[in-house]
$ cat query.txt   # compact mmCIF, N, CA and C atoms
# COMPACT_ATOMS: atom_id res chain seq x y z
N MET A 1 -61.13 97.08 -81.57
CA MET A 1 -60.37 96.66 -82.71
C MET A 1 -58.96 96.22 -82.31
N LYS A 2 -58.42 96.92 -81.31
CA LYS A 2 -57.07 96.58 -80.85
C LYS A 2 -57.06 95.18 -80.25
N ASN A 3 -58.09 94.83 -79.48
CA ASN A 3 -58.17 93.50 -78.89
C ASN A 3 -58.30 92.43 -79.97
N MET A 4 -58.94 92.76 -81.06
CA MET A 4 -59.11 91.81 -82.15
C MET A 4 -57.75 91.39 -82.71
N GLY A 5 -56.81 92.32 -82.79
CA GLY A 5 -55.47 92.01 -83.26
C GLY A 5 -54.74 91.05 -82.32
N TYR A 6 -54.94 91.25 -81.04
CA TYR A 6 -54.33 90.35 -80.05
C TYR A 6 -54.91 88.94 -80.18
N PHE A 7 -56.23 88.86 -80.35
CA PHE A 7 -56.87 87.55 -80.49
C PHE A 7 -56.41 86.86 -81.77
N LEU A 8 -56.25 87.64 -82.83
CA LEU A 8 -55.76 87.08 -84.08
C LEU A 8 -54.34 86.55 -83.93
N LEU A 9 -53.49 87.34 -83.25
CA LEU A 9 -52.12 86.91 -82.99
C LEU A 9 -52.10 85.66 -82.11
N LEU A 10 -52.94 85.62 -81.10
CA LEU A 10 -53.03 84.45 -80.23
C LEU A 10 -53.50 83.24 -81.03
N GLY A 11 -54.46 83.44 -81.92
CA GLY A 11 -54.94 82.34 -82.76
C GLY A 11 -53.85 81.79 -83.66
N VAL A 12 -53.04 82.69 -84.24
CA VAL A 12 -51.93 82.24 -85.08
C VAL A 12 -50.92 81.45 -84.25
N PHE A 13 -50.64 81.92 -83.05
CA PHE A 13 -49.69 81.22 -82.17
C PHE A 13 -50.21 79.82 -81.81
N VAL A 14 -51.49 79.71 -81.46
CA VAL A 14 -52.09 78.41 -81.12
C VAL A 14 -52.06 77.49 -82.33
N ALA A 15 -52.35 78.02 -83.51
CA ALA A 15 -52.31 77.21 -84.73
C ALA A 15 -50.89 76.70 -84.98
N PHE A 16 -49.90 77.55 -84.75
CA PHE A 16 -48.50 77.12 -84.90
C PHE A 16 -48.20 75.95 -83.96
N ILE A 17 -48.61 76.08 -82.72
CA ILE A 17 -48.37 75.02 -81.73
C ILE A 17 -49.02 73.73 -82.19
N ILE A 18 -50.26 73.82 -82.63
CA ILE A 18 -51.00 72.62 -83.02
C ILE A 18 -50.42 71.97 -84.27
N PHE A 19 -50.10 72.77 -85.27
CA PHE A 19 -49.71 72.21 -86.56
C PHE A 19 -48.21 72.02 -86.75
N ALA A 20 -47.39 72.69 -85.98
CA ALA A 20 -45.95 72.58 -86.17
C ALA A 20 -45.25 71.92 -84.99
N TYR A 21 -45.48 72.40 -83.80
CA TYR A 21 -44.70 71.94 -82.65
C TYR A 21 -45.13 70.56 -82.18
N VAL A 22 -46.42 70.30 -82.05
CA VAL A 22 -46.91 69.04 -81.51
C VAL A 22 -46.46 67.85 -82.36
N PRO A 23 -46.62 67.87 -83.70
CA PRO A 23 -46.13 66.72 -84.48
C PRO A 23 -44.62 66.50 -84.36
N GLN A 24 -43.85 67.58 -84.29
CA GLN A 24 -42.41 67.43 -84.14
C GLN A 24 -42.07 66.81 -82.80
N LYS A 25 -42.76 67.20 -81.76
CA LYS A 25 -42.52 66.63 -80.44
C LYS A 25 -42.89 65.15 -80.43
N GLN A 26 -43.99 64.79 -81.09
CA GLN A 26 -44.38 63.39 -81.16
C GLN A 26 -43.35 62.57 -81.93
N GLU A 27 -42.83 63.11 -83.02
CA GLU A 27 -41.82 62.40 -83.80
C GLU A 27 -40.54 62.23 -82.99
N LEU A 28 -40.15 63.25 -82.26
CA LEU A 28 -38.97 63.16 -81.41
C LEU A 28 -39.16 62.07 -80.35
N THR A 29 -40.33 61.99 -79.78
CA THR A 29 -40.63 60.94 -78.79
C THR A 29 -40.53 59.56 -79.43
N ARG A 30 -41.06 59.40 -80.65
CA ARG A 30 -40.96 58.11 -81.35
C ARG A 30 -39.50 57.76 -81.64
N ILE A 31 -38.71 58.72 -82.06
CA ILE A 31 -37.29 58.47 -82.35
C ILE A 31 -36.56 58.02 -81.08
N LYS A 32 -36.82 58.70 -79.97
CA LYS A 32 -36.18 58.32 -78.71
C LYS A 32 -36.58 56.92 -78.28
N GLN A 33 -37.83 56.54 -78.48
CA GLN A 33 -38.29 55.20 -78.13
C GLN A 33 -37.59 54.15 -79.00
N ARG A 34 -37.46 54.41 -80.31
CA ARG A 34 -36.76 53.48 -81.20
C ARG A 34 -35.30 53.34 -80.80
N GLN A 35 -34.66 54.46 -80.46
CA GLN A 35 -33.26 54.39 -80.04
C GLN A 35 -33.10 53.58 -78.76
N ALA A 36 -34.01 53.74 -77.81
CA ALA A 36 -33.95 52.98 -76.56
C ALA A 36 -34.14 51.50 -76.82
N GLU A 37 -35.05 51.14 -77.73
CA GLU A 37 -35.26 49.74 -78.07
C GLU A 37 -34.03 49.15 -78.75
N ARG A 38 -33.42 49.90 -79.68
CA ARG A 38 -32.23 49.41 -80.37
C ARG A 38 -31.05 49.28 -79.42
N ALA A 39 -30.96 50.18 -78.43
CA ALA A 39 -29.84 50.15 -77.49
C ALA A 39 -29.85 48.87 -76.66
N LYS A 40 -31.01 48.25 -76.49
CA LYS A 40 -31.09 46.98 -75.76
C LYS A 40 -30.59 45.82 -76.61
N ILE A 41 -30.67 45.96 -77.92
CA ILE A 41 -30.32 44.87 -78.83
C ILE A 41 -28.93 45.05 -79.42
N GLU A 42 -28.62 46.27 -79.87
CA GLU A 42 -27.34 46.54 -80.51
C GLU A 42 -26.34 47.01 -79.46
N LEU A 43 -25.39 46.15 -79.13
CA LEU A 43 -24.43 46.44 -78.08
C LEU A 43 -23.04 46.67 -78.67
N ARG A 44 -22.24 47.48 -77.99
CA ARG A 44 -20.88 47.75 -78.45
C ARG A 44 -19.96 47.82 -77.24
N GLU A 45 -18.83 47.21 -77.37
CA GLU A 45 -17.74 47.34 -76.40
C GLU A 45 -16.51 47.73 -77.21
N SER A 46 -15.86 48.79 -76.82
CA SER A 46 -14.65 49.18 -77.52
C SER A 46 -13.72 49.84 -76.52
N GLY A 47 -12.46 49.75 -76.81
CA GLY A 47 -11.48 50.36 -75.93
C GLY A 47 -10.11 49.78 -76.20
N GLY A 48 -9.30 49.85 -75.20
CA GLY A 48 -7.95 49.32 -75.33
C GLY A 48 -7.29 49.23 -73.99
N GLY A 49 -6.19 48.55 -73.95
CA GLY A 49 -5.48 48.43 -72.70
C GLY A 49 -4.30 47.51 -72.83
N MET A 50 -3.65 47.32 -71.72
CA MET A 50 -2.47 46.46 -71.69
C MET A 50 -2.70 45.22 -70.81
N LEU A 51 -3.86 45.13 -70.15
CA LEU A 51 -4.12 43.98 -69.28
C LEU A 51 -4.56 42.76 -70.08
N TYR A 52 -5.21 42.98 -71.20
CA TYR A 52 -5.66 41.86 -72.03
C TYR A 52 -5.01 41.96 -73.40
N THR A 53 -4.47 40.86 -73.87
CA THR A 53 -4.03 40.74 -75.26
C THR A 53 -4.44 39.35 -75.73
N PRO A 54 -4.89 39.22 -76.98
CA PRO A 54 -5.27 37.91 -77.50
C PRO A 54 -4.05 36.99 -77.57
N PRO A 55 -4.28 35.68 -77.53
CA PRO A 55 -3.16 34.72 -77.57
C PRO A 55 -2.24 34.89 -78.77
N ASN A 56 -2.78 35.31 -79.92
CA ASN A 56 -1.95 35.44 -81.12
C ASN A 56 -1.40 36.84 -81.31
N TRP A 57 -1.54 37.70 -80.32
CA TRP A 57 -1.10 39.09 -80.42
C TRP A 57 0.41 39.16 -80.34
N ASP A 58 1.03 39.73 -81.34
CA ASP A 58 2.48 39.87 -81.38
C ASP A 58 2.84 41.20 -80.72
N VAL A 59 3.24 41.14 -79.45
CA VAL A 59 3.52 42.34 -78.68
C VAL A 59 4.65 43.15 -79.32
N GLU A 60 5.67 42.47 -79.82
CA GLU A 60 6.80 43.18 -80.42
C GLU A 60 6.37 43.91 -81.70
N LYS A 61 5.55 43.27 -82.51
CA LYS A 61 5.14 43.85 -83.78
C LYS A 61 4.01 44.88 -83.59
N ASN A 62 3.03 44.53 -82.79
CA ASN A 62 1.82 45.34 -82.66
C ASN A 62 1.85 46.31 -81.50
N GLY A 63 2.80 46.21 -80.65
CA GLY A 63 2.85 47.06 -79.47
C GLY A 63 2.15 46.42 -78.29
N LYS A 64 2.35 47.00 -77.13
CA LYS A 64 1.78 46.42 -75.92
C LYS A 64 0.32 46.82 -75.70
N TYR A 65 -0.13 47.85 -76.39
CA TYR A 65 -1.47 48.37 -76.17
C TYR A 65 -2.42 47.75 -77.20
N PHE A 66 -3.38 46.96 -76.74
CA PHE A 66 -4.32 46.27 -77.61
C PHE A 66 -5.63 47.05 -77.69
N ASN A 67 -6.08 47.37 -78.90
CA ASN A 67 -7.36 48.05 -79.11
C ASN A 67 -8.38 47.06 -79.65
N TYR A 68 -9.62 47.23 -79.25
CA TYR A 68 -10.67 46.35 -79.73
C TYR A 68 -11.95 47.14 -79.98
N ASP A 69 -12.78 46.60 -80.85
CA ASP A 69 -14.11 47.13 -81.11
C ASP A 69 -14.96 45.91 -81.43
N ILE A 70 -15.87 45.57 -80.55
CA ILE A 70 -16.73 44.40 -80.76
C ILE A 70 -18.19 44.84 -80.69
N ARG A 71 -19.03 44.15 -81.47
CA ARG A 71 -20.44 44.51 -81.55
C ARG A 71 -21.31 43.26 -81.45
N SER A 72 -22.49 43.47 -80.92
CA SER A 72 -23.52 42.44 -80.92
C SER A 72 -24.80 43.08 -81.43
N TRP A 73 -25.47 42.38 -82.33
CA TRP A 73 -26.73 42.88 -82.87
C TRP A 73 -27.90 42.03 -82.38
N ASN A 74 -27.65 41.15 -81.41
CA ASN A 74 -28.73 40.33 -80.87
C ASN A 74 -28.66 40.26 -79.34
N ALA A 75 -28.49 41.41 -78.74
CA ALA A 75 -28.54 41.59 -77.28
C ALA A 75 -27.45 40.80 -76.54
N GLY A 76 -26.30 40.61 -77.18
CA GLY A 76 -25.16 39.99 -76.50
C GLY A 76 -25.03 38.49 -76.71
N LYS A 77 -25.89 37.88 -77.48
CA LYS A 77 -25.78 36.44 -77.72
C LYS A 77 -24.53 36.14 -78.55
N ASP A 78 -24.35 36.88 -79.64
CA ASP A 78 -23.19 36.71 -80.51
C ASP A 78 -22.44 38.03 -80.58
N TRP A 79 -21.11 37.95 -80.54
CA TRP A 79 -20.27 39.14 -80.59
C TRP A 79 -19.32 39.02 -81.78
N TYR A 80 -19.09 40.14 -82.46
CA TYR A 80 -18.23 40.17 -83.63
C TYR A 80 -17.17 41.25 -83.48
N ALA A 81 -15.94 40.89 -83.86
CA ALA A 81 -14.87 41.88 -83.93
C ALA A 81 -15.09 42.67 -85.21
N VAL A 82 -15.02 44.00 -85.10
CA VAL A 82 -15.28 44.85 -86.26
C VAL A 82 -14.21 45.93 -86.37
N LYS A 83 -14.16 46.54 -87.53
CA LYS A 83 -13.36 47.75 -87.72
C LYS A 83 -14.03 48.57 -88.80
N PHE A 84 -13.71 49.85 -88.84
CA PHE A 84 -14.26 50.73 -89.86
C PHE A 84 -13.42 50.62 -91.12
N ASP A 85 -14.10 50.59 -92.27
CA ASP A 85 -13.36 50.60 -93.53
C ASP A 85 -13.08 52.05 -93.94
N ASP A 86 -12.51 52.23 -95.12
CA ASP A 86 -12.12 53.57 -95.57
C ASP A 86 -13.30 54.52 -95.74
N ASP A 87 -14.49 53.97 -95.97
CA ASP A 87 -15.69 54.80 -96.13
C ASP A 87 -16.51 54.88 -94.85
N TRP A 88 -15.94 54.51 -93.73
CA TRP A 88 -16.57 54.52 -92.41
C TRP A 88 -17.72 53.53 -92.31
N GLY A 89 -17.69 52.51 -93.15
CA GLY A 89 -18.62 51.40 -92.99
C GLY A 89 -18.02 50.40 -92.01
N ILE A 90 -18.84 49.56 -91.43
CA ILE A 90 -18.35 48.58 -90.47
C ILE A 90 -18.01 47.29 -91.20
N LYS A 91 -16.78 46.84 -91.02
CA LYS A 91 -16.31 45.58 -91.60
C LYS A 91 -16.23 44.56 -90.47
N ILE A 92 -16.91 43.43 -90.62
CA ILE A 92 -16.87 42.38 -89.61
C ILE A 92 -15.63 41.52 -89.86
N LEU A 93 -14.79 41.43 -88.82
CA LEU A 93 -13.54 40.67 -88.93
C LEU A 93 -13.74 39.20 -88.59
N GLY A 94 -14.70 38.90 -87.74
CA GLY A 94 -14.96 37.52 -87.35
C GLY A 94 -15.60 37.46 -85.97
N ASP A 95 -15.83 36.25 -85.52
CA ASP A 95 -16.42 36.01 -84.20
C ASP A 95 -15.46 36.50 -83.12
N ALA A 96 -15.95 37.39 -82.27
CA ALA A 96 -15.08 38.00 -81.25
C ALA A 96 -14.56 36.97 -80.25
N ARG A 97 -15.37 35.99 -79.92
CA ARG A 97 -14.93 34.98 -78.93
C ARG A 97 -13.81 34.11 -79.48
N GLU A 98 -13.79 33.92 -80.80
CA GLU A 98 -12.70 33.15 -81.42
C GLU A 98 -11.47 34.03 -81.63
N MET A 99 -11.67 35.26 -82.07
CA MET A 99 -10.55 36.14 -82.35
C MET A 99 -9.87 36.63 -81.08
N TYR A 100 -10.69 36.92 -80.06
CA TYR A 100 -10.18 37.48 -78.81
C TYR A 100 -10.70 36.64 -77.64
N PRO A 101 -10.22 35.40 -77.49
CA PRO A 101 -10.72 34.56 -76.40
C PRO A 101 -10.46 35.20 -75.04
N GLY A 102 -11.49 35.24 -74.23
CA GLY A 102 -11.37 35.80 -72.89
C GLY A 102 -11.61 37.29 -72.79
N LEU A 103 -11.74 38.00 -73.92
CA LEU A 103 -11.93 39.45 -73.88
C LEU A 103 -13.24 39.84 -73.21
N LEU A 104 -14.32 39.18 -73.57
CA LEU A 104 -15.61 39.52 -72.95
C LEU A 104 -15.57 39.29 -71.45
N GLU A 105 -14.95 38.22 -71.02
CA GLU A 105 -14.82 37.94 -69.59
C GLU A 105 -13.98 39.02 -68.91
N HIS A 106 -12.91 39.45 -69.60
CA HIS A 106 -12.06 40.52 -69.07
C HIS A 106 -12.85 41.82 -68.93
N ILE A 107 -13.63 42.17 -69.95
CA ILE A 107 -14.43 43.39 -69.90
C ILE A 107 -15.41 43.33 -68.75
N ARG A 108 -16.10 42.21 -68.60
CA ARG A 108 -17.06 42.05 -67.49
C ARG A 108 -16.35 42.09 -66.15
N GLY A 109 -15.18 41.47 -66.08
CA GLY A 109 -14.40 41.48 -64.84
C GLY A 109 -13.96 42.88 -64.45
N MET A 110 -13.55 43.67 -65.43
CA MET A 110 -13.15 45.05 -65.15
C MET A 110 -14.34 45.88 -64.68
N GLN A 111 -15.51 45.63 -65.27
CA GLN A 111 -16.70 46.35 -64.84
C GLN A 111 -17.09 45.96 -63.41
N THR A 112 -16.98 44.68 -63.10
CA THR A 112 -17.27 44.21 -61.74
C THR A 112 -16.30 44.84 -60.74
N LEU A 113 -15.02 44.89 -61.10
CA LEU A 113 -14.02 45.51 -60.24
C LEU A 113 -14.31 46.99 -60.03
N THR A 114 -14.62 47.69 -61.11
CA THR A 114 -14.93 49.13 -61.02
C THR A 114 -16.14 49.35 -60.12
N ASP A 115 -17.19 48.57 -60.32
CA ASP A 115 -18.40 48.71 -59.50
C ASP A 115 -18.09 48.43 -58.03
N TYR A 116 -17.26 47.41 -57.77
CA TYR A 116 -16.92 47.05 -56.39
C TYR A 116 -16.17 48.20 -55.70
N VAL A 117 -15.17 48.75 -56.37
CA VAL A 117 -14.37 49.81 -55.77
C VAL A 117 -15.20 51.09 -55.59
N GLU A 118 -16.07 51.39 -56.55
CA GLU A 118 -16.93 52.57 -56.40
C GLU A 118 -17.83 52.42 -55.17
N LYS A 119 -18.28 51.23 -54.90
CA LYS A 119 -19.19 51.00 -53.77
C LYS A 119 -18.45 50.84 -52.44
N ASN A 120 -17.29 50.18 -52.46
CA ASN A 120 -16.62 49.79 -51.21
C ASN A 120 -15.30 50.50 -50.94
N GLY A 121 -14.77 51.21 -51.89
CA GLY A 121 -13.50 51.88 -51.69
C GLY A 121 -12.32 50.97 -52.03
N ALA A 122 -11.15 51.38 -51.58
CA ALA A 122 -9.90 50.67 -51.91
C ALA A 122 -9.91 49.25 -51.38
N ILE A 123 -9.19 48.38 -52.07
CA ILE A 123 -9.10 46.97 -51.71
C ILE A 123 -7.78 46.73 -50.99
N ASP A 124 -7.83 46.06 -49.86
CA ASP A 124 -6.59 45.68 -49.18
C ASP A 124 -6.49 44.15 -49.13
N GLY A 125 -5.44 43.65 -48.57
CA GLY A 125 -5.18 42.21 -48.56
C GLY A 125 -6.13 41.39 -47.71
N THR A 126 -6.95 42.03 -46.89
CA THR A 126 -7.89 41.28 -46.05
C THR A 126 -9.29 41.25 -46.64
N ASP A 127 -9.50 41.90 -47.74
CA ASP A 127 -10.82 42.01 -48.37
C ASP A 127 -10.98 40.89 -49.39
N SER A 128 -11.57 39.77 -48.98
CA SER A 128 -11.64 38.60 -49.86
C SER A 128 -12.50 38.87 -51.10
N LEU A 129 -13.60 39.60 -50.95
CA LEU A 129 -14.43 39.90 -52.12
C LEU A 129 -13.70 40.85 -53.08
N GLY A 130 -12.96 41.80 -52.52
CA GLY A 130 -12.18 42.71 -53.34
C GLY A 130 -11.07 41.98 -54.09
N LEU A 131 -10.41 41.05 -53.40
CA LEU A 131 -9.36 40.27 -54.05
C LEU A 131 -9.94 39.39 -55.15
N GLU A 132 -11.14 38.89 -54.93
CA GLU A 132 -11.82 38.09 -55.95
C GLU A 132 -12.16 38.97 -57.17
N ALA A 133 -12.59 40.19 -56.93
CA ALA A 133 -12.89 41.11 -58.03
C ALA A 133 -11.62 41.44 -58.82
N LEU A 134 -10.50 41.63 -58.14
CA LEU A 134 -9.23 41.88 -58.82
C LEU A 134 -8.85 40.69 -59.69
N SER A 135 -8.96 39.50 -59.13
CA SER A 135 -8.63 38.29 -59.86
C SER A 135 -9.54 38.11 -61.07
N GLY A 136 -10.83 38.39 -60.90
CA GLY A 136 -11.78 38.27 -62.00
C GLY A 136 -11.50 39.24 -63.13
N ALA A 137 -10.83 40.34 -62.84
CA ALA A 137 -10.48 41.33 -63.86
C ALA A 137 -9.16 40.99 -64.54
N GLY A 138 -8.52 39.91 -64.11
CA GLY A 138 -7.30 39.49 -64.77
C GLY A 138 -6.02 39.82 -64.04
N PHE A 139 -6.14 40.38 -62.84
CA PHE A 139 -4.95 40.68 -62.06
C PHE A 139 -4.51 39.44 -61.30
N THR A 140 -3.21 39.25 -61.18
CA THR A 140 -2.68 38.18 -60.36
C THR A 140 -2.51 38.77 -58.96
N VAL A 141 -3.16 38.15 -58.01
CA VAL A 141 -3.16 38.66 -56.65
C VAL A 141 -2.28 37.77 -55.78
N LYS A 142 -1.29 38.39 -55.14
CA LYS A 142 -0.42 37.68 -54.22
C LYS A 142 -0.48 38.42 -52.91
N VAL A 143 -0.85 37.72 -51.85
CA VAL A 143 -0.94 38.33 -50.54
C VAL A 143 0.28 37.89 -49.74
N ASP A 144 0.99 38.86 -49.17
CA ASP A 144 2.17 38.59 -48.36
C ASP A 144 1.71 38.09 -47.00
N THR A 145 1.97 36.83 -46.71
CA THR A 145 1.53 36.23 -45.45
C THR A 145 2.66 36.19 -44.42
N THR A 146 3.81 36.79 -44.73
CA THR A 146 4.94 36.73 -43.82
C THR A 146 4.81 37.78 -42.70
N GLN A 147 3.90 38.70 -42.82
CA GLN A 147 3.78 39.75 -41.81
C GLN A 147 2.77 39.41 -40.77

$ encode --input "query.txt" --output "structure tokens"
Amino acid sequence: MKNMGYFLLLGVFVAFIIFAYVPQKQELTRIKQRQAERAKIELRESGGGMLYTPPNWDVEKNGKYFNYDIRSWNAGKDWYAVKFDDDWGIKILGDAREMYPGLLEHIRGMQTLTDYVEKNGAIDGTDSLGLEALSGAGFTVKVDTTQ
């Protein structure tokens, strides 16, 4: 009779696994797959800095630090400048390439520079690929040739 209680408890545990845990795990897997698919299509770049400012940016009025938040909902084909409204909804300000000309190129250039330095270390004046990565990120590179 004692063993019967153990078998009954084991049966209840197996039923719980079958009817409760397995469907939840399957739903979690489906949610993760949907998120991975959306992450390929819905892109976001946001941040700030002092290396890039849009041509119409009033440094005296707005400060030297430029913040941006841009989104693409079609895998990077079109980019939009956005901001959050008072209810935390997304308000589209306009085409990011028109509002912030050169910003996407700057972001890509900074990523290329970061990747280069992570792989190759510090850049010196004799490293032509490193100097090219610096230039691509928006830095003005001057090499002292008098030495």

$ residues_around --input "query.txt" --residues "A:Tyr100" --least-positions-apart "3" --cutoff "7 Å" --atoms "all atoms listed in the file" --output "number ranges by chain"
A: 53-55, 95-97, 103-104

$ select_by_dssp --input "query.txt" --residues "chain A" --states "helix (DSSP H, G or I)" --output "VMD selection string"
chain A and resid 2 to 41 59 to 62 96 to 99 103 to 120 128 to 136

$ closest_residue --input "query.txt" --among "A:Tyr80, A:Val141, A:Phe13, A:Met99" --to "A:Asp124" --atoms "only C-alpha atoms"
A:Val141

$ residues_around --input "query.txt" --residues "A:Glu42" --least-positions-apart "4" --cutoff "7 Å" --atoms "all atoms listed in the file" --output "list in words"
Glu37, Arg38, Arg71, Ser72, Trp73, Asn74, Ala75 and Gly76 of chain A

$ write_last_selection --input "query.txt" --atoms "N, CA and C atoms" --output "tab-separated table (two decimals), in the frame of the given file"
chain	number	residue	atom	x	y	z
A	37	GLU	N	-35.05	51.14	-77.73
A	37	GLU	CA	-35.26	49.74	-78.07
A	37	GLU	C	-34.03	49.15	-78.75
A	38	ARG	N	-33.42	49.90	-79.68
A	38	ARG	CA	-32.23	49.41	-80.37
A	38	ARG	C	-31.05	49.28	-79.42
A	71	ARG	N	-19.03	44.15	-81.47
A	71	ARG	CA	-20.44	44.51	-81.55
A	71	ARG	C	-21.31	43.26	-81.45
A	72	SER	N	-22.49	43.47	-80.92
A	72	SER	CA	-23.52	42.44	-80.92
A	72	SER	C	-24.80	43.08	-81.43
A	73	TRP	N	-25.47	42.38	-82.33
A	73	TRP	CA	-26.73	42.88	-82.87
A	73	TRP	C	-27.90	42.03	-82.38
A	74	ASN	N	-27.65	41.15	-81.41
A	74	ASN	CA	-28.73	40.33	-80.87
A	74	ASN	C	-28.66	40.26	-79.34
A	75	ALA	N	-28.49	41.41	-78.74
A	75	ALA	CA	-28.54	41.59	-77.28
A	75	ALA	C	-27.45	40.80	-76.54
A	76	GLY	N	-26.30	40.61	-77.18
A	76	GLY	CA	-25.16	39.99	-76.50
A	76	GLY	C	-25.03	38.49	-76.71

$ atom_distance --input "query.txt" --atom1 "atom CA of A:Thr145" --atom2 "atom CA of A:Thr114"
26.1 Å

$ atom_distance --input "query.txt" --atom1 "atom N of A:Tyr68" --atom2 "atom CA of A:Ala81"
8.8 Å

$ residues_around --input "query.txt" --residues "A:Lys64" --least-positions-apart "4" --cutoff "9 Å" --atoms "only C-alpha atoms" --output "ChimeraX atom specification"
/A:49-50,53,58-60

$ write_last_selection --input "query.txt" --atoms "N, CA and C atoms" --output "PDB file, in the coordinates of the input"
ATOM      1  N   GLY A  49      -6.190  48.550 -73.950  1.00  0.00           N
ATOM      2  CA  GLY A  49      -5.480  48.430 -72.700  1.00  0.00           C
ATOM      3  C   GLY A  49      -4.300  47.510 -72.830  1.00  0.00           C
ATOM      4  N   MET A  50      -3.650  47.320 -71.720  1.00  0.00           N
ATOM      5  CA  MET A  50      -2.470  46.460 -71.690  1.00  0.00           C
ATOM      6  C   MET A  50      -2.700  45.220 -70.810  1.00  0.00           C
ATOM      7  N   THR A  53      -4.470  40.860 -73.870  1.00  0.00           N
ATOM      8  CA  THR A  53      -4.030  40.740 -75.260  1.00  0.00           C
ATOM      9  C   THR A  53      -4.440  39.350 -75.730  1.00  0.00           C
ATOM     10  N   ASP A  58       1.030  39.730 -81.340  1.00  0.00           N
ATOM     11  CA  ASP A  58       2.480  39.870 -81.380  1.00  0.00           C
ATOM     12  C   ASP A  58       2.840  41.200 -80.720  1.00  0.00           C
ATOM     13  N   VAL A  59       3.240  41.140 -79.450  1.00  0.00           N
ATOM     14  CA  VAL A  59       3.520  42.340 -78.680  1.00  0.00           C
ATOM     15  C   VAL A  59       4.650  43.150 -79.320  1.00  0.00           C
ATOM     16  N   GLU A  60       5.670  42.470 -79.820  1.00  0.00           N
ATOM     17  CA  GLU A  60       6.800  43.180 -80.420  1.00  0.00           C
ATOM     18  C   GLU A  60       6.370  43.910 -81.700  1.00  0.00           C
TER      19      GLU A  60
END

$ select_by_dssp --input "query.txt" --residues "chain A" --states "strand (DSSP E or B)" --output "VMD selection string"
chain A and resid 43 to 49 66 to 72 80 to 84 90 to 95

$ closest_residue --input "query.txt" --among "A:Ile18, A:Leu28, A:Ala36, A:Val117" --to "A:Glu132" --atoms "only C-alpha atoms"
A:Val117

$ atom_distance --input "query.txt" --atom1 "atom CA of A:Tyr116" --atom2 "atom CA of A:Glu98"
28.9 Å

$ closest_residue --input "query.txt" --among "A:Arg108, A:Ile90, A:Asp85, A:Arg44" --to "A:Asp69" --atoms "only C-alpha atoms"
A:Arg44

$ closest_residue --input "query.txt" --among "A:Ile31, A:Lys83, A:Gly102, A:Phe66" --to "A:Gly48" --atoms "only C-alpha atoms"
A:Phe66
